[in-house]
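Working notes, beginning with the structure itself.
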Amino acid sequence: MNLSVNLPGLNLKNPVMPASGCFAFGKEFAQFYDLSTLGAVIMKAATKERRFGNGTPRVAETASGMLNAIGLQNPGVESIISDEIPFLKNHHLPIIANVAGSTVEEYVEVAEKISPHVNAIELNISCPNVKEGGVQFGTDPSLAKEVTRHVVQVSDVPVYVKLSPNVTDIVEMALAAEDAGASGLSMINTLTGMRIDPKTRKPVIANGTGGLSGAAIKPISIRMIHQVYQAVTIPIIGMGGIESAEDVLEYLLAGASAVAIGSANFKNPFICKEIIEEMPNALARYGFSSIKQAIGGAHDEKVETPVLRP
Amino acid sequence: MNLSVNLPGLNLKNPVMPASGCFAFGKEFAQFYDLSTLGAVIMKAATKERRFGNGTPRVAETASGMLNAIGLQNPGVESIISDEIPFLKNHHLPIIANVAGSTVEEYVEVAEKISPHVNAIELNISCPNVKEGGVQFGTDPSLAKEVTRHVVQVSDVPVYVKLSPNVTDIVEMALAAEDAGASGLSMINTLTGMRIDPKTRKPVIANGTGGLSGAAIKPISIRMIHQVYQAVTIPIIGMGGIESAEDVLEYLLAGASAVAIGSANFKNPFICKEIIEEMPNALARYGFSSIKQAIGGAHDEKVETPVLRP
Amino acid sequence: MKNERMTILRHEKVARETHLLVLEGNLVQDIADPGQFVHVKIDGFYLRRPISIADYDSENQTMTLIYKVMGDGTKALTRFQIGESLDVLGPGGQGFPTSQIHDNHALIIGGGIGVPPLYSTAKRLKESGVAVTSILGFRSREDAFLLDEFRALGEVHVTTEDGSLGRSGRVTDALPHVKENYQHYLSCGPTVMLRAVADHIPDKEGYLSMEERMGCGIGACFACVIESHDEKGYKRICCDGPVFKAGEVVLS
Amino acid sequence: MKNERMTILRHEKVARETHLLVLEGNLVQDIADPGQFVHVKIDGFYLRRPISIADYDSENQTMTLIYKVMGDGTKALTRFQIGESLDVLGPGGQGFPTSQIHDNHALIIGGGIGVPPLYSTAKRLKESGVAVTSILGFRSREDAFLLDEFRALGEVHVTTEDGSLGRSGRVTDALPHVKENYQHYLSCGPTVMLRAVADHIPDKEGYLSMEERMGCGIGACFACVIESHDEKGYKRICCDGPVFKAGEVVLS
Ligand SMILES: Cc1cc2nc3c(=O)[nH]c(=O)nc-3n(C[C@H](O)[C@H](O)[C@H](O)COP(=O)(O)OP(=O)(O)OC[C@H]3O[C@@H](n4cnc5c(N)ncnc54)[C@H](O)[C@@H]3O)c2cc1C
Ligand SMILES: Cc1cc2nc3c(=O)[nH]c(=O)nc-3n(C[C@H](O)[C@H](O)[C@H](O)COP(=O)(O)OP(=O)(O)OC[C@H]3O[C@@H](n4cnc5c(N)ncnc54)[C@H](O)[C@@H]3O)c2cc1C
Ligand SMILES: Cc1cc2nc3c(=O)[nH]c(=O)nc-3n(C[C@H](O)[C@H](O)[C@H](O)COP(=O)(O)O)c2cc1C
Ligand SMILES: Cc1cc2nc3c(=O)[nH]c(=O)nc-3n(C[C@H](O)[C@H](O)[C@H](O)COP(=O)(O)O)c2cc1C
Ligand code: FES
Ligand code: FES
């Protein structure tokens, strides 16, 4: 069974990678399995300077999901380049840098510094958990266009724009990114949510709101990818609540060319490896002989001859 | 324990009512318990003419939730007035009519006809499941304002505008409704989602997309109500994934003055009654001696002296 | 209709991925007709699962369900043990009106997991003096169940798609071999089968049991509608059905 | 660290809403120090629950957890039966470095559900020749547990907030009554208690075990950070802790 997918900058031996922020820089998971099993790895967000993030508690449990408000804590782009990337490079797998910032200048500077060291950039214009975290770039198409254009200009590698689901019109955001030169999209970041503890009468999360992830959001992500797939010609990395090989298939059918797995890594540290191992069976069970065959398969216009993308 | 809450047009003996579309017009649930137990009842959407709704399947299961795309099937406003409202009137409880339409004219006509027979109108500008179903009114603040203004003008009773969560800025939508003369808000309708069946390679729901409801969406609803409560002065009827008296308390603390229970009625037909019976215990357990005390309690500025609203 | 925790008295495999479940509880007393269904809550799943009542014993307050593993919910159901209890809502809907059938002879036509509700139907008919001939279709020999039970009630024709048991083919392939001395037919199975059956027997009165995805299962959500030929234009399968007169609803 | 289904050998109530759970499995072999924790998955809950290892027996591959019902997850945990298995990830984090403590005397200070990890800690200390005095604080008599077990290891001072057992008051109220012949103190309990303890004993070296809500429990998500006084500025409780030197982290 052929699990490979080739996307701009990313020759993936399989379409499964850990999502940004849920896998740090890989070291913790390397104790469980050989990271070279993965299709690629998306690193935790990088900002210009190190950030300490939000107050605690930073996570809360929800029905079939969780809220987080880590607040982009990271050691800063330079430390990531010197202390984290070399470890990942040893595993010979494509590395995607998640780039965050508060201003266009910060995004540009981070992208410029990190792009020579990685295979692609995931441009995080959608972190809902920091006041100056770029979420305004993720909800306003003209700002999205602007930051994307600048980052694409300075980046040595293809740029995937990570979209926020907290918008009225996801297609408009996707088109803005495509217009500005994005090589691909990454969908979706978390939905902004809140839990209140009746004991303390306060939000559970110190930051007040947090980003909702996990199985609960999968139907929303699938819908958005299904919509966007019809509107753009660049490939989509899909994510949100993936917990099984069948979930991956659902994403491929909706129009994703590859997928990322986030919070499920916390439930089961072996999840990425297990899903990769199960993929051939799952494809065969539903009559597919490769990943590429499944991509976009739920689109009426494409049932006969699945359009291979890219 | 005092469970009563008085809202415009609605003197509620308790703050719990079934949500629109999940309780039809009450007859089916009357076999399980006495409907006069309820704080109020929100009827299924009414349109000008009868509507047959979407193709089947119309529902799909999701993690801690469900998708539906009923498509506003209903017998039409006149039949509702003559065949359904009399039954509910026998139970001596406030009746809220959910008013839907495809054009401002339709909304106005339905509201005009039904308002003399009910205690309040819930203006459904947020049904995501019909092409001509009013969702455009729910995502564009100027259209929301227009339809609200017209309906308020013709209505004999207070109008609660039911907001769609499928927007970038929920506060903007809430303010538009308040500006246009709404007496209250109803939050939230369903989030647009999709599930794809790998066997058929098609969306599970015939309509393609459906509205996501259930416990999965509660954190999103709580967040939106928490935001809107700070921005408006009209009361909010909260809903989305309520399954217990503690969930109701979470909604009250976020800023809802009353709540509606939707899909959970399908899991447990007694849910509204059971929650009403559990409310006094739940309030006492967390140190409240009335519903009013809890409303808005999670707002910092209001922890000391909870603002009673209205 | 009741909502009750019912105790599991038996739970065993009766065919490939097909399990028989005997439950005890009060709601059995409310069963009016064979062909009604119950709505079963399974921990961890948001929606209830509709399962037909395959047999019931009002005196002992027991009922039998036979279900096939079709997805995660029915798979989880197999893990419940004797002595545990299940949250059951029911009985729901309108079953086969066996008490109104006073023929000499009736024909039962069941396909796959549509067979179970026809068992108590055939039993009730026989009890009230109606002779019963049954056509039971399965994919393969390993999928077949209740054959001896149906044989105890009358003539049985078995079809399998792969010919591993009985006649090779579908239930409609057995029709030419059944005497036309029946006045009513009663059928349950996939919609394609029901349509084929109704097309093959246009001149007899028939009752068809339909399936659709359900929300509430009690008539309140309008998830399970089917187009009908009457003025209202639709029926809800969960409360107006699942059993309809052939010709009453549109078999699309 | 391992992820394993561990078999339940014992599961019983030991105090008000407090349960003792004995689990068997391979990961016990990986336990390096008392005070480490495991991350337990409970069906139907999205996040794992961190529970300290209260005792362990590497030879028999068993470990003991003692947990209090604090919410829906721990409540669901009480329903698991002997013979069933639990999905456990661990052992996680850095425990109390008992093998580096070569004092004559050490002081244990535990509050409520912070007591369990101190039990194996006290045991290890005693085994390596360190005399142990323990102060154990509970809300009330009904909440107390492990008292006899601690008494078997050395002097024990009990405090309860309502005075129903031992001294009335908090653990710090017992401090003046404990001989100051200890070189280290080792403490676990609510953060307010840990702060009070650290304030009361500024001149001795101490180890504190901290709590925070966790996502991954393995150091990857940065949910569980606590401010630290070093250049890096933070520690992750799940992997750099949960046990820290007093003064290493900010007890806010
Ligand atoms: C009136 C009625 C009577 C039935 N009687 C029986 C019976 O006696 N024995 C039996 O094995 N099956 C019966 N079915 C079908 C049975 O309900 C489904 O096979 C079952 O719901 C599948 O659940 P799952 O979790 O395994 O599948 P999943 O695919 O995981 O289920 C997902 C969702 O789709 C719904 N769904 C999936 N397939 C069907 C279907 N065919 N009909 C309705 N809803 C479906 C489920 O209820 C659930 O809400 C009946 C259905 C209806 C409507
Ligand atoms: C390192 C460590 C060791 C612990 N050891 C023990 C022990 O030995 N015995 C014991 O009874 N308890 C212990 N706790 C606390 C225990 O983890 C919580 O009481 C438990 O998670 C509550 O779960 P719940 O589902 O009952 O509560 P809920 O409030 O329903 O839990 C909701 C979420 O909040 C988290 N949460 C709630 N309270 C805490 C807390 N105090 N600390 C961390 N997360 C929390 C839960 O894990 C879950 O993700 C320990 C905590 C940590 C961090
Ligand atoms: C704890 C946590 C931290 C995250 N940090 C980041 C981040 O730094 N950058 C980013 O783009 N997304 C971040 N995300 C979002 C995930 O990458 C992913 O888009 C989202 O969680 C949906 O996938 P999931 O449902 O599989 O978790 C984070 C998510 C979680 C749960
Ligand atoms: C089957 C179904 C039908 C619904 N029909 C309507 C409707 O007609 N009008 C409306 O305003 N909302 C309708 N809703 C939305 C609910 O009233 C409610 O806003 C939403 O389901 C969130 O609440 P819940 O999570 O408790 O279900 C419907 C929801 C469901 C599940
Ligand atoms: S399932 Fe709700 S009306 Fe039939
Ligand atoms: S819980 Fe994830 S880093 Fe500690």
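Labels used: A, B, ... for chains in the order of the structure tokens, numbers from 1 for residues in each chain, and numbers from 1 for ligands as shown.
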
Practice task
With a cut-off of 12 Å and counting only C-alpha atoms, select all residues of chain D in contact with chain A and give the selection as a VMD selection string.
Solution key: chain D and resid 1 to 4 39 to 49 70 to 73 87 to 90 92 to 93 211 to 228 231 to 239 252

Keeping only N, CA and C atoms, write those residues as a compact mmCIF listing (two decimals), in the first residue's frame.
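Produced file part.txt, reproduced below:
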# COMPACT_ATOMS: atom_id res chain seq x y z
N MET D 1 9.49 5.36 30.59
CA MET D 1 8.05 5.45 30.83
C MET D 1 7.31 4.46 29.95
N LYS D 2 6.28 3.84 30.50
CA LYS D 2 5.52 2.85 29.74
C LYS D 2 4.05 3.26 29.67
N ASN D 3 3.36 2.71 28.69
CA ASN D 3 1.90 2.84 28.63
C ASN D 3 1.35 1.43 28.60
N GLU D 4 0.60 1.08 29.61
CA GLU D 4 0.30 -0.32 29.84
C GLU D 4 -1.09 -0.47 30.44
N HIS D 39 -0.19 8.39 35.14
CA HIS D 39 -1.24 9.14 34.47
C HIS D 39 -2.28 8.12 34.01
N VAL D 40 -3.47 8.18 34.62
CA VAL D 40 -4.47 7.11 34.46
C VAL D 40 -5.56 7.55 33.50
N LYS D 41 -5.82 6.70 32.51
CA LYS D 41 -6.91 6.99 31.58
C LYS D 41 -8.18 6.34 32.10
N ILE D 42 -9.26 7.12 32.12
CA ILE D 42 -10.54 6.60 32.57
C ILE D 42 -11.52 6.72 31.40
N ASP D 43 -12.15 5.64 31.03
CA ASP D 43 -13.07 5.63 29.89
C ASP D 43 -14.07 6.76 29.95
N GLY D 44 -14.24 7.47 28.84
CA GLY D 44 -15.24 8.52 28.79
C GLY D 44 -14.68 9.89 29.15
N PHE D 45 -13.41 9.94 29.57
CA PHE D 45 -12.81 11.22 29.93
C PHE D 45 -11.66 11.53 28.99
N TYR D 46 -11.59 12.76 28.56
CA TYR D 46 -10.61 13.09 27.53
C TYR D 46 -9.18 13.12 28.06
N LEU D 47 -9.00 13.71 29.23
CA LEU D 47 -7.64 13.83 29.78
C LEU D 47 -7.36 12.73 30.81
N ARG D 48 -6.11 12.34 30.89
CA ARG D 48 -5.71 11.40 31.93
C ARG D 48 -5.71 12.08 33.30
N ARG D 49 -5.75 11.28 34.37
CA ARG D 49 -5.69 11.82 35.73
C ARG D 49 -4.34 11.46 36.35
N MET D 70 -12.78 13.60 43.68
CA MET D 70 -12.80 15.05 43.60
C MET D 70 -13.72 15.55 42.51
N GLY D 71 -14.09 14.68 41.60
CA GLY D 71 -14.92 15.09 40.47
C GLY D 71 -15.38 13.85 39.73
N ASP D 72 -15.83 14.05 38.50
CA ASP D 72 -16.44 12.96 37.75
C ASP D 72 -15.46 11.84 37.41
N GLY D 73 -14.20 12.21 37.14
CA GLY D 73 -13.23 11.20 36.73
C GLY D 73 -12.90 10.25 37.87
N ASP D 87 -5.77 1.64 31.91
CA ASP D 87 -4.73 2.14 31.02
C ASP D 87 -3.88 3.16 31.80
N VAL D 88 -2.64 2.79 32.06
CA VAL D 88 -1.78 3.62 32.90
C VAL D 88 -0.53 4.03 32.13
N LEU D 89 -0.19 5.30 32.21
CA LEU D 89 1.03 5.82 31.60
C LEU D 89 1.96 6.25 32.73
N GLY D 90 3.19 5.76 32.70
CA GLY D 90 4.09 6.18 33.78
C GLY D 90 5.27 5.23 33.92
N GLY D 92 5.89 8.75 35.92
CA GLY D 92 6.28 10.07 35.41
C GLY D 92 6.98 10.91 36.44
N GLY D 93 7.83 11.79 35.95
CA GLY D 93 8.38 12.83 36.78
C GLY D 93 9.51 12.41 37.70
N GLU D 211 1.34 20.29 42.54
CA GLU D 211 0.24 19.86 41.67
C GLU D 211 -0.09 20.92 40.63
N GLU D 212 -0.46 20.50 39.46
CA GLU D 212 -1.03 21.42 38.48
C GLU D 212 -1.82 20.60 37.47
N ARG D 213 -2.80 21.21 36.84
CA ARG D 213 -3.56 20.52 35.79
C ARG D 213 -2.63 20.16 34.64
N MET D 214 -2.78 18.96 34.14
CA MET D 214 -1.87 18.46 33.13
C MET D 214 -2.58 18.15 31.82
N GLY D 215 -1.83 18.30 30.74
CA GLY D 215 -2.30 17.83 29.44
C GLY D 215 -1.65 16.49 29.18
N CYS D 216 -0.38 16.54 28.73
CA CYS D 216 0.29 15.31 28.31
C CYS D 216 0.84 14.49 29.46
N GLY D 217 1.34 15.15 30.49
CA GLY D 217 1.97 14.44 31.60
C GLY D 217 3.36 13.92 31.31
N ILE D 218 3.91 14.31 30.15
CA ILE D 218 5.25 13.81 29.80
C ILE D 218 6.21 14.94 29.41
N GLY D 219 5.76 16.18 29.54
CA GLY D 219 6.69 17.28 29.27
C GLY D 219 6.53 17.95 27.92
N ALA D 220 5.51 17.55 27.14
CA ALA D 220 5.44 18.03 25.77
C ALA D 220 4.49 19.20 25.54
N CYS D 221 3.55 19.45 26.45
CA CYS D 221 2.51 20.44 26.13
C CYS D 221 2.63 21.75 26.89
N PHE D 222 3.45 21.79 27.90
CA PHE D 222 3.64 23.01 28.69
C PHE D 222 2.38 23.49 29.41
N ALA D 223 1.52 22.54 29.78
CA ALA D 223 0.33 22.91 30.54
C ALA D 223 0.69 23.16 32.01
N CYS D 224 1.68 22.42 32.50
CA CYS D 224 1.86 22.28 33.94
C CYS D 224 3.04 23.09 34.47
N VAL D 225 3.34 24.20 33.83
CA VAL D 225 4.55 24.93 34.23
C VAL D 225 4.35 25.68 35.54
N ILE D 226 5.45 25.89 36.19
CA ILE D 226 5.48 26.67 37.43
C ILE D 226 6.72 27.54 37.34
N GLU D 227 6.61 28.74 37.85
CA GLU D 227 7.72 29.69 37.76
C GLU D 227 8.88 29.20 38.62
N SER D 228 10.08 29.31 38.09
CA SER D 228 11.23 28.86 38.88
C SER D 228 12.25 29.99 39.00
N GLU D 231 17.63 30.40 35.59
CA GLU D 231 17.71 31.23 34.38
C GLU D 231 16.58 30.93 33.42
N LYS D 232 16.22 29.65 33.29
CA LYS D 232 15.17 29.24 32.37
C LYS D 232 13.83 29.85 32.76
N GLY D 233 13.63 30.02 34.05
CA GLY D 233 12.44 30.74 34.50
C GLY D 233 11.21 29.91 34.76
N TYR D 234 11.21 28.64 34.35
CA TYR D 234 10.04 27.80 34.59
C TYR D 234 10.45 26.35 34.73
N LYS D 235 9.58 25.58 35.33
CA LYS D 235 9.74 24.11 35.40
C LYS D 235 8.42 23.50 34.98
N ARG D 236 8.49 22.31 34.40
CA ARG D 236 7.27 21.55 34.11
C ARG D 236 7.06 20.57 35.26
N ILE D 237 5.91 20.67 35.90
CA ILE D 237 5.66 19.82 37.07
C ILE D 237 5.68 18.35 36.70
N CYS D 238 5.20 18.02 35.49
CA CYS D 238 5.05 16.60 35.13
C CYS D 238 6.38 15.90 34.87
N CYS D 239 7.42 16.65 34.50
CA CYS D 239 8.67 15.95 34.20
C CYS D 239 9.86 16.50 34.97
N SER D 252 3.27 30.41 44.33
CA SER D 252 2.34 31.54 44.34
C SER D 252 0.93 31.08 44.61

Practice task
Compile the contact shell of Tyr207 (chain C) as number ranges by chain: residues with an atom at most 12 Å away, counting only C-alpha atoms, same-chain residues fewer than 4 positions apart removed.
Solution key: C: 35, 94-98, 101, 106-110, 118, 121, 183-189, 194-195, 197-198, 201, 241-249

Restricting it to C-alpha atoms, dump the selection as a compact mmCIF listing (two decimals), in the first residue's frame.
# COMPACT_ATOMS: atom_id res chain seq x y z
CA GLY C 35 -42.63 -4.93 14.82
CA GLN C 94 -46.54 1.15 15.15
CA GLY C 95 -45.86 -2.54 14.54
CA PHE C 96 -47.44 -5.08 12.24
CA PRO C 97 -51.20 -5.03 12.93
CA THR C 98 -51.41 -8.80 13.34
CA ILE C 101 -55.20 -9.84 9.88
CA ALA C 106 -49.92 -14.76 5.27
CA LEU C 107 -46.48 -14.42 3.71
CA ILE C 108 -43.49 -13.22 5.71
CA ILE C 109 -40.52 -11.83 3.77
CA GLY C 110 -37.43 -10.90 5.76
CA LEU C 118 -40.92 -10.79 11.71
CA THR C 121 -45.07 -11.25 13.92
CA GLN C 183 -53.74 -12.49 1.31
CA HIS C 184 -51.20 -10.26 3.08
CA TYR C 185 -47.47 -10.09 3.00
CA LEU C 186 -45.39 -8.62 5.83
CA SER C 187 -41.83 -7.60 5.09
CA CYS C 188 -38.78 -6.09 6.70
CA GLY C 189 -35.32 -5.58 5.29
CA LEU C 194 -38.73 -3.75 0.18
CA ARG C 195 -39.06 -1.95 -3.12
CA VAL C 197 -40.88 -7.02 -2.94
CA ALA C 198 -43.57 -4.38 -3.41
CA ILE C 201 -46.42 -8.39 -5.41
CA GLY C 241 -44.11 3.64 11.44
CA PRO C 242 -41.78 1.80 11.28
CA VAL C 243 -44.47 -0.42 9.73
CA PHE C 244 -46.46 1.11 6.89
CA LYS C 245 -48.96 -0.24 4.39
CA ALA C 246 -47.26 -0.87 1.07
CA GLY C 247 -48.15 2.13 -1.06
CA GLU C 248 -48.53 4.45 1.91
CA VAL C 249 -44.97 5.74 1.74

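Pairwise distance (CA of Ile222 (chain B), CA of Ser290 (chain B)) equals 20.5 Å.
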
Practice task
Identify every residue of chain A that has at least one atom within 8 Å of any atom of chain B, counting only C-alpha atoms, and report the result as a PyMOL selection string.
Solution key: chain A and resi 62-65+139+166-169+191-199+201-203+209+212+215-217+219-224+246+249-250+253-254+286+297-300

Fill in the blank from the handout: Using only C-alpha atoms and all ligand atoms, the best pick from C:Val38, C:His105, C:Lys204, C:Ala144 as closest to ligand 5 would be C:Val38

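What separates CA of Ala54 (chain D) from atom 8 (O, counted along the ligand's line) of ligand 2 is a distance of 6.6 Å.
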
Practice task
Run DSSP on the backbone of this structure and report the residues of region 54-187 of chain B it assigns to helix (DSSP H, G or I), as a ChimeraX atom specification.
Solution key: /B:77-89,104-117,135-139,141-154,170-179

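DSSP annotation of region 93-191 of chain D from backbone atoms: strand (DSSP E) residues are His105, Ala106, Leu107, Ile108, Ile109, Gly110, Gly111, Ala131, Val132, Thr133, Ser134, Ile135, Leu136, Gly137, Phe138, Gly154, Glu155, Val156, His157, Val158, Thr159, Thr160, Arg167, Ser168, His184, Tyr185, Leu186, Ser187 and Cys188 of chain D.
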
Practice task
Write out as a ChimeraX atom specification the residues lying within 8 Å of region 75-82 of chain C, counting only C-alpha atoms and excluding same-chain residues fewer than 4 positions away.
Solution key: /C:7-11,19,42,69-71

Taking N, CA, C and O atoms for each residue, export the selection above as a PDB file, in the first residue's frame.
ATOM      1  N   THR C   7     -32.759  -5.398  32.672  1.00  0.00           N
ATOM      2  CA  THR C   7     -31.692  -6.338  33.034  1.00  0.00           C
ATOM      3  C   THR C   7     -31.444  -7.334  31.905  1.00  0.00           C
ATOM      4  O   THR C   7     -32.381  -7.836  31.297  1.00  0.00           O
ATOM      5  N   ILE C   8     -30.179  -7.613  31.671  1.00  0.00           N
ATOM      6  CA  ILE C   8     -29.813  -8.563  30.621  1.00  0.00           C
ATOM      7  C   ILE C   8     -29.898  -9.995  31.179  1.00  0.00           C
ATOM      8  O   ILE C   8     -29.197 -10.338  32.134  1.00  0.00           O
ATOM      9  N   LEU C   9     -30.765 -10.806  30.584  1.00  0.00           N
ATOM     10  CA  LEU C   9     -30.911 -12.199  31.033  1.00  0.00           C
ATOM     11  C   LEU C   9     -30.102 -13.158  30.156  1.00  0.00           C
ATOM     12  O   LEU C   9     -29.643 -14.197  30.621  1.00  0.00           O
ATOM     13  N   ARG C  10     -30.004 -12.827  28.876  1.00  0.00           N
ATOM     14  CA  ARG C  10     -29.223 -13.656  27.954  1.00  0.00           C
ATOM     15  C   ARG C  10     -28.525 -12.734  26.999  1.00  0.00           C
ATOM     16  O   ARG C  10     -29.022 -11.661  26.672  1.00  0.00           O
ATOM     17  N   HIS C  11     -27.377 -13.153  26.521  1.00  0.00           N
ATOM     18  CA  HIS C  11     -26.658 -12.357  25.517  1.00  0.00           C
ATOM     19  C   HIS C  11     -25.709 -13.301  24.815  1.00  0.00           C
ATOM     20  O   HIS C  11     -24.693 -13.692  25.381  1.00  0.00           O
ATOM     21  N   HIS C  19     -26.095 -10.930  17.322  1.00  0.00           N
ATOM     22  CA  HIS C  19     -26.216 -11.284  18.732  1.00  0.00           C
ATOM     23  C   HIS C  19     -27.660 -11.223  19.187  1.00  0.00           C
ATOM     24  O   HIS C  19     -28.425 -10.373  18.736  1.00  0.00           O
ATOM     25  N   ILE C  42     -26.386   3.437  24.689  1.00  0.00           N
ATOM     26  CA  ILE C  42     -25.137   2.723  24.944  1.00  0.00           C
ATOM     27  C   ILE C  42     -24.137   3.744  25.462  1.00  0.00           C
ATOM     28  O   ILE C  42     -23.928   4.787  24.838  1.00  0.00           O
ATOM     29  N   VAL C  69     -23.718  -6.358  14.407  1.00  0.00           N
ATOM     30  CA  VAL C  69     -22.673  -5.355  14.623  1.00  0.00           C
ATOM     31  C   VAL C  69     -22.454  -4.602  13.312  1.00  0.00           C
ATOM     32  O   VAL C  69     -21.987  -5.169  12.326  1.00  0.00           O
ATOM     33  N   MET C  70     -22.852  -3.336  13.301  1.00  0.00           N
ATOM     34  CA  MET C  70     -22.754  -2.533  12.081  1.00  0.00           C
ATOM     35  C   MET C  70     -21.792  -1.372  12.255  1.00  0.00           C
ATOM     36  O   MET C  70     -21.411  -0.726  11.283  1.00  0.00           O
ATOM     37  N   GLY C  71     -21.447  -1.058  13.481  1.00  0.00           N
ATOM     38  CA  GLY C  71     -20.585   0.092  13.728  1.00  0.00           C
ATOM     39  C   GLY C  71     -20.145   0.077  15.174  1.00  0.00           C
ATOM     40  O   GLY C  71     -20.279  -0.940  15.871  1.00  0.00           O
TER      41      GLY C  71
END

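Among the candidates C:Ser168, C:Thr133, C:Asn26, C:Asn181, the one nearest to Asp57 (chain C) when counting only C-alpha atoms is C:Asn26.
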